[in-house]
Amino acid sequence: RKPRDKPPLWDTFLDPPSKKTSGSDVDWKKLQFFLKLFKLCVYLLVFAVVLGSSVLANLIYLYMAGNTGSNLPRAQVCSNYLLRDGEVIAARNKLDQIAWVWALIFAFAAPELFTFLRALRITMFKRERRPTGLEVGLVTLFELLHVVGLALLTFTLLPSLDVTRGAMLGCCVCFVPALLNLLTGTRLKWKSVDSLVFGVSVLAVIALGSVFLVWPSQSNVLEVQLLALPLLLVSFRWWENFANTQEAIAYIIRTIRCTRSRYHTYLYLAPLKVVVFAVVGFLLHGRDFFQYFTLFLDAWRPHLITLVTYGDSGALNTTLANSSINASPPRVQFSMQSSPNAVVYALALQVGAAYLCHIFGKFACKIKIQVFSYALPLSLAGPVTVCMATVLAQLRAADPCALHGLLPDYLTVQALGGNMEELGQRSLDLALWLWPLWWLAQVWTCLHIWQPHNDKNAATEKLFVCPWYCALLVDQCSMMNRRIVDWSEEYLAIKSVPTDARDAVQPLPSGPNANGGTPQKNDKVPHLIVCATMWHETEDEMMEFLKSIVRLDEDQCARRLARTYLNVDKADDEYYELETHIFFDDAFVLDPRQCENKGSPPVNDYVKTLTRTINKAAFEVYGVDIRIEPPTKVETPYGGRLEWTLPGRTQMVAHLKNKDKIRHKKRWSQVMYMYYLLGYKIMERKDLSPLSKAVKAENTFILALDGDIDFRPHAVQLLIDRMKAVEELGAACGRIHPVGRGPMVWYQNFEYAIGHWLQKATEHVIGCVLCSPGCFSLFRASALMENSVMKRYTLISSEAMKMVQYDQGEDRWLCTLLLKAGYRVEYCAASDAYTHAPESFNEFYNQRRRWVPSTIANIFDILADADTVVKKNNSISTMYVWYQGMLMIGTVLGPGTIFLMMVGALVAVFTINIWTAFLWNFFPLLIFILSCVYLKQKFQLLIAFVISAIYCLVMMAVLIGITVQILEDGPLAPASMFFLLVAVQITIAGFMHPQEFWSLLCGVIYYITIPSMYMLLMIFSVFNMNDVSWGTREAPVLKDDDDEGRNYLPGWLDDPLFINSDLGRIPLQERRFWQDVIKKYLKPLELSREQKQAMDDGLKGLRNMISFAFVMVNAIFVLIVFLLQLKKEFLHLNWPIDPTDFVTFDRSNLQVNIYRQYKELDPIGLCFVIFFGVILIIQFIAMLFHRFATMCQLLASTSVDWFRSGGQFTDEDAAHELKGSAVNIARNLQRPKRIFEEYDEEENHYDEIMPSGGSDDAGEHRGSMVRRQTIIRLQETRNRQQGDYSNLVLNFERRFLGEDELNLKGLALNRKSVMLFQQRRSKAKVDAAEMPGGTPTPKPGTRPPLVPEVPKRVSFSPTVRLSRQVYENDGYEHTEF
């Protein structure tokens, strides 16, 4: 029968896909729920911390500044605790004032110290361009103006004011930003509604300028009369953030921003600012300059405070009102000791509160909760500070004992009025009712913090103009220091600046044909190109890969449809374009016994498996029979090409490589797609200007995959987010999980876990990752196109060492080239991918036999060229090179270390002498080394397997022995402590990775196989370095038998599998490209017998040299440590922790002897503890930092949609909400209906049918009907005509443009959002009906078109837009994508 005829009834049974609980198919709903709940808690926590810390920092700052004045009224002291009658006042103390002056200087210096340390680290260990003299001068000028103004505000103005007015002045330090915001921000936007914006900006400037007139006109104090000077000077610091590049200041802006960071400037400017602030403060305070230094220590020590007691309150009031000493009534003078820690506590609280405000505010900006947890608390900080300061001051003024337990009684808190009546009167007299206008003007000036545009987890330089904060005005500094202009837009042309740092930045030419033409909007859209390399993968492995591609296709289609129909051509933040390429190595059968025509050879079984598996993968993802159209066959100069159109209308191309026409193996497949996708498809485009090509390359990402990888679209999106956040990022990898069965996979489960938890996390934090694995990594196109990357990657390995470095670990060498080019490589722990791991012992050893030499070779390459790498790469420092050097030493000496460890373990566990333990370990090792020299690999692996099994038994005994030793010696013994610390560290790491916690159970397998994996495997890898074969997935070689008959297979173009496929052709230009690139870089290597022999001899010579050096280094190391161990009674160290005390009684002398015995730390233990202890501490601390960064990334990508606004839900809110839900709506509307799902909507469920009999048998009959519904549905499914849901775009349009009501109850949308959705749907229907040849609107209740009998052809166009034109192919649309 024909394939599309109805099956017979006996063959109607189905096997629907089931939800898996492992790999990428695991259910993430619980995790998403907990992430949302956790983010909700983070919202509230960060809001509370930012608001509380900013208010606390402001209150303490006002309190500190208020106690520096020398002409202030004396403080009234609580007499209840002094056992004194009458009123007590405290005289001003010179030492107190000096202490508070120094405290303010230290508070100001704290963030400057952080700036200096960061600048010192970056200038020493990073590569930063040095600034020009003009830039240094401009930055220094404005920073020093700010410092002088802040000193005037702190030491003259605030001491002359009460705390209420002092707190109100915090809103008035943004006059210059408000003025610049008016002049350069809205001056050219007066038309239409922008005239209102201009008017409000004018009012804001007038409101902020009123403070310069109101209070000075009502005061006769000089400091208050000059109030405008400090406020203007302070506001100069943030002028740069509010000044756009208008003609008047374009030159200054361009000059001051010519470098990306100013750490070279701040290296000296931070100490200079502290010195200037201190000197100006000393001069303004008014005391002798040298007294601030001579009395420094006395000021911070306890000293006496003079107190005066008056007989009655009337006398006190008279004294406070009159300045005449002769009029004072009788008084009693005495003294009390000052609080020694009052200044210290205030300083610590102020510095800590300001630091917390900055850190939590930056955290809020990074995880995209800026509006609620950053903008709102900072805007409220001013009013809350004013209210709190007023309440506290009035409480203290009304009752001197009110704040007795909180503040020292002898210190001043200046109140606006003595009571509520006086407070109200002075508020009217001083026109304090203007303060709300000043606060509103500040909010208007800093309106940009309510509209964040930064990427997720953006770097600090992208978020803030100045690197750190101003501790004395932390809330104002946080608001005005937050960037208005996005970093990427502002520094678009920085990458192409002149090589000479002193050259001026020239403007880019304009025009469509100019060398620097303006890039188009589409050039900035992330373009994801999936590039997978395949060879001999099994069907199960291909299935996981193809399911991942189908899911990615579905996700991209949903985002494209959401942009087109729901978001009015505005893409969401995570939108990307997608295309998939598979590069199949050795895809053709070239054996003369099976291939009759070399011009059209048959494809191998692996290609056929891929072709058959695509529909199965779609069925597994969608749960319905998806009929993907047969691929288009295209002959190419390198072999052939199969082009599929996936359900989401993205293209998947399988490039079939003929090893007789193009060079095979994975590295050359990577060279092939780099030059094709980047060289041909970007550089050869005539319609793009050079700047457009540069921008497009910056936003083009290659997802390098293996043919067995399993991942979710969310994992890819997290990698793209990192690319957006870090411009220097050249590659990013995710968390790789091994998949398979058996003890070897269990071992790799734990090995991969601690390798990612500790090693990769440490590399990411203190430097950058050295290897981004080729099975799942994202590369930036512009990084691959950099000098000495793509070009150097094409080098042929003519030397033995280069062959090991280049071809045995191509992914590591590619990362080495990126690092040397100055790019960063990162590890994203939240991006999960699953790959099939070797399940047998031999396959695992062969895989690591390739990895170990290439890893060592590439790391040695970086270490040997460390000076150049450190200078060129900002992420690699000298300290990081030392860390990698330590790891390399540990790797090389690993076998010797494990050998010594086993010797010591046998001595401790089996109580044998050290020589016996040495020989027990030496002879098996010697046998294995000799086998690696003289025997074939299969015998080497057999011997390694036997020795490994024996060592596993020994390690189990060692594990039990260590447990017993810990119980005998206690947990504080050296060996016990180190073992427990390592176990605790790994356990904590497991708890910090809750989703991977069960990997800890595999730690036992890892522990007992340590001798095999760190000693035998290293020896096997080094002694087989001359073997450059792949080692895994090797296909069986056909035996050459002349008597066997020939069985020719059909050519691939005539293969019955592709009988329904159309025959296509590539453009002439592309054909020429392939011919040229093959001729220059990818021509098959044809080595003569002499050349092959020379290469083999070179590899053997390299093997002999490395093996000899490896054995000698380890032998010398073992010999030295072993000899030291023999003399441990002379060379040991006494362990100072937990000694044992002994008491003995000598009967002959009748003496009692008491002595203490220390545990001994032998040389082996000392070396092990020092070396590996330092590495473990570094890795543990780095893991904590990386876990925090991962949490930030997860929180940034998690949206909390549980709460909706009430009646104040505006149209803008509705549009924003609909945009956030558009992708989910499109995904639901495009997804095919699963098996039986379309009939469930029309008929009652069979399990709801109740029998007419009695209730006693109802349950039994109901269960019978439930069991019977499958058979009934199978019968009805066969009899009904099945719809075709293979086109996701058509599915969406059929439902979205149809007349049926759409059920949106599953989405938490506001009523206005639903109305907006219906409006856009109605508009889309009208546009579709009016469009010539548009998609007709389906009638209510109509089914999708039946599956046509004739094959269809879907064509693709290079344009990236969705077309709704219908092809003349029985109603199937023609999609341009």
# chains A, B, ... in the order shown; residues from 1 in each chain; ligands from 1
>>> residues_around(residues="range 960-963 of chain A", least_positions_apart="6", cutoff="9 Å", atoms="only C-alpha atoms", output="ChimeraX atom specification")
/A:905,908-910,975-976,979
>>> write_last_selection(atoms="all heavy atoms", output="PDB file, in the first residue's frame")
ATOM      1  N   ALA A 905      48.895   5.081  52.147  1.00  0.00           N
ATOM      2  CA  ALA A 905      47.614   4.483  52.522  1.00  0.00           C
ATOM      3  C   ALA A 905      47.784   3.019  52.889  1.00  0.00           C
ATOM      4  O   ALA A 905      47.185   2.528  53.860  1.00  0.00           O
ATOM      5  CB  ALA A 905      46.619   4.638  51.381  1.00  0.00           C
ATOM      6  N   ALA A 908      49.307   2.775  56.320  1.00  0.00           N
ATOM      7  CA  ALA A 908      48.394   3.137  57.410  1.00  0.00           C
ATOM      8  C   ALA A 908      47.294   2.111  57.592  1.00  0.00           C
ATOM      9  O   ALA A 908      46.894   1.816  58.739  1.00  0.00           O
ATOM     10  CB  ALA A 908      47.790   4.508  57.129  1.00  0.00           C
ATOM     11  N   VAL A 909      46.796   1.551  56.503  1.00  0.00           N
ATOM     12  CA  VAL A 909      45.630   0.661  56.593  1.00  0.00           C
ATOM     13  C   VAL A 909      46.039  -0.772  56.918  1.00  0.00           C
ATOM     14  O   VAL A 909      45.444  -1.421  57.792  1.00  0.00           O
ATOM     15  CB  VAL A 909      44.825   0.714  55.287  1.00  0.00           C
ATOM     16  CG1 VAL A 909      43.684  -0.296  55.300  1.00  0.00           C
ATOM     17  CG2 VAL A 909      44.267   2.114  55.072  1.00  0.00           C
ATOM     18  N   PHE A 910      47.047  -1.289  56.241  1.00  0.00           N
ATOM     19  CA  PHE A 910      47.420  -2.700  56.395  1.00  0.00           C
ATOM     20  C   PHE A 910      48.587  -2.895  57.360  1.00  0.00           C
ATOM     21  O   PHE A 910      49.049  -4.019  57.537  1.00  0.00           O
ATOM     22  CB  PHE A 910      47.781  -3.291  55.028  1.00  0.00           C
ATOM     23  CG  PHE A 910      46.638  -3.292  54.060  1.00  0.00           C
ATOM     24  CD1 PHE A 910      46.573  -2.369  53.036  1.00  0.00           C
ATOM     25  CD2 PHE A 910      45.603  -4.219  54.184  1.00  0.00           C
ATOM     26  CE1 PHE A 910      45.520  -2.370  52.136  1.00  0.00           C
ATOM     27  CE2 PHE A 910      44.548  -4.217  53.289  1.00  0.00           C
ATOM     28  CZ  PHE A 910      44.489  -3.292  52.264  1.00  0.00           C
ATOM     29  N   ALA A 975      45.771  14.218  58.615  1.00  0.00           N
ATOM     30  CA  ALA A 975      45.117  13.475  57.536  1.00  0.00           C
ATOM     31  C   ALA A 975      43.604  13.552  57.652  1.00  0.00           C
ATOM     32  O   ALA A 975      42.893  13.718  56.663  1.00  0.00           O
ATOM     33  CB  ALA A 975      45.581  12.015  57.554  1.00  0.00           C
ATOM     34  N   SER A 976      43.105  13.450  58.885  1.00  0.00           N
ATOM     35  CA  SER A 976      41.659  13.499  59.085  1.00  0.00           C
ATOM     36  C   SER A 976      41.104  14.854  58.704  1.00  0.00           C
ATOM     37  O   SER A 976      40.055  14.955  58.047  1.00  0.00           O
ATOM     38  CB  SER A 976      41.329  13.188  60.551  1.00  0.00           C
ATOM     39  OG  SER A 976      41.865  11.944  60.944  1.00  0.00           O
ATOM     40  N   PHE A 979      41.098  15.330  54.851  1.00  0.00           N
ATOM     41  CA  PHE A 979      40.067  14.502  54.230  1.00  0.00           C
ATOM     42  C   PHE A 979      38.683  15.081  54.483  1.00  0.00           C
ATOM     43  O   PHE A 979      37.852  15.168  53.567  1.00  0.00           O
ATOM     44  CB  PHE A 979      40.170  13.077  54.776  1.00  0.00           C
ATOM     45  CG  PHE A 979      39.158  12.132  54.203  1.00  0.00           C
ATOM     46  CD1 PHE A 979      39.365  11.517  52.981  1.00  0.00           C
ATOM     47  CD2 PHE A 979      37.979  11.868  54.878  1.00  0.00           C
ATOM     48  CE1 PHE A 979      38.421  10.656  52.439  1.00  0.00           C
ATOM     49  CE2 PHE A 979      37.025  11.007  54.355  1.00  0.00           C
ATOM     50  CZ  PHE A 979      37.253  10.399  53.127  1.00  0.00           C
TER      51      PHE A 979
END
>>> closest_residue(among="A:Asp409, A:Glu728, A:Asp1138, A:Asp721", to="Ala90 in chain A", atoms="only C-alpha atoms")
A:Asp409
>>> residues_around(residues="Leu1194 in chain A", least_positions_apart="6", cutoff="12 Å", atoms="only C-alpha atoms", output="PyMOL selection string")
chain A and resi 31-32+34-36+38-39+366-368+456-457+714-715+717-719+721-722+828-831+1187-1188
>>> write_last_selection(atoms="C-alpha atoms", output="CSV table (one decimal), in the first residue's frame")
chain,number,residue,atom,x,y,z
A,31,LEU,CA,12.2,25.1,39.3
A,32,GLN,CA,10.5,28.0,37.6
A,34,PHE,CA,10.8,28.4,43.1
A,35,LEU,CA,12.8,30.9,41.0
A,36,LYS,CA,9.7,33.2,40.8
A,38,PHE,CA,12.8,33.5,45.2
A,39,LYS,CA,12.8,36.5,42.9
A,366,LYS,CA,21.9,43.6,36.9
A,367,ILE,CA,18.9,41.3,37.5
A,368,LYS,CA,16.4,43.7,35.9
A,456,LYS,CA,20.9,41.4,31.8
A,457,ASN,CA,23.9,41.1,34.1
A,714,HIS,CA,16.5,28.5,27.2
A,715,ALA,CA,20.1,27.2,27.6
A,717,GLN,CA,19.3,32.1,25.3
A,718,LEU,CA,21.4,32.3,28.5
A,719,LEU,CA,24.6,32.1,26.4
A,721,ASP,CA,22.5,37.0,27.1
A,722,ARG,CA,26.2,36.7,28.2
A,828,CYS,CA,27.5,29.8,32.2
A,829,ALA,CA,26.4,27.3,34.8
A,830,ALA,CA,22.7,27.9,34.2
A,831,SER,CA,22.9,26.8,30.6
A,1187,ARG,CA,27.3,30.7,42.2
A,1188,PHE,CA,26.2,34.3,43.0
>>> residues_around(residues="Phe363 in chain A", least_positions_apart="5", cutoff="12 Å", atoms="only C-alpha atoms", output="number ranges by chain")
A: 42-43, 45-47, 49-50, 356-358, 368-370, 373-374, 456-460, 463, 1188-1189, 1191-1193, 1195-1196
>>> closest_atom_pairs(of="range 263-377 of chain A", to="range 421-443 of chain A", cutoff="12 Å", atoms="only C-alpha atoms", output="Markdown table")
| residue | atom | partner | partner_atom | distance |
| --- | --- | --- | --- | --- |
| A:Ala375 | CA | A:Val443 | CA | 9.4 |
| A:Leu376 | CA | A:Val443 | CA | 10.0 |
| A:Pro377 | CA | A:Val443 | CA | 11.8 |
>>> residues_around(residues="range 785-798 of chain A", least_positions_apart="4", cutoff="6 Å", atoms="only C-alpha atoms", output="PyMOL selection string")
chain A and resi 802-803+817
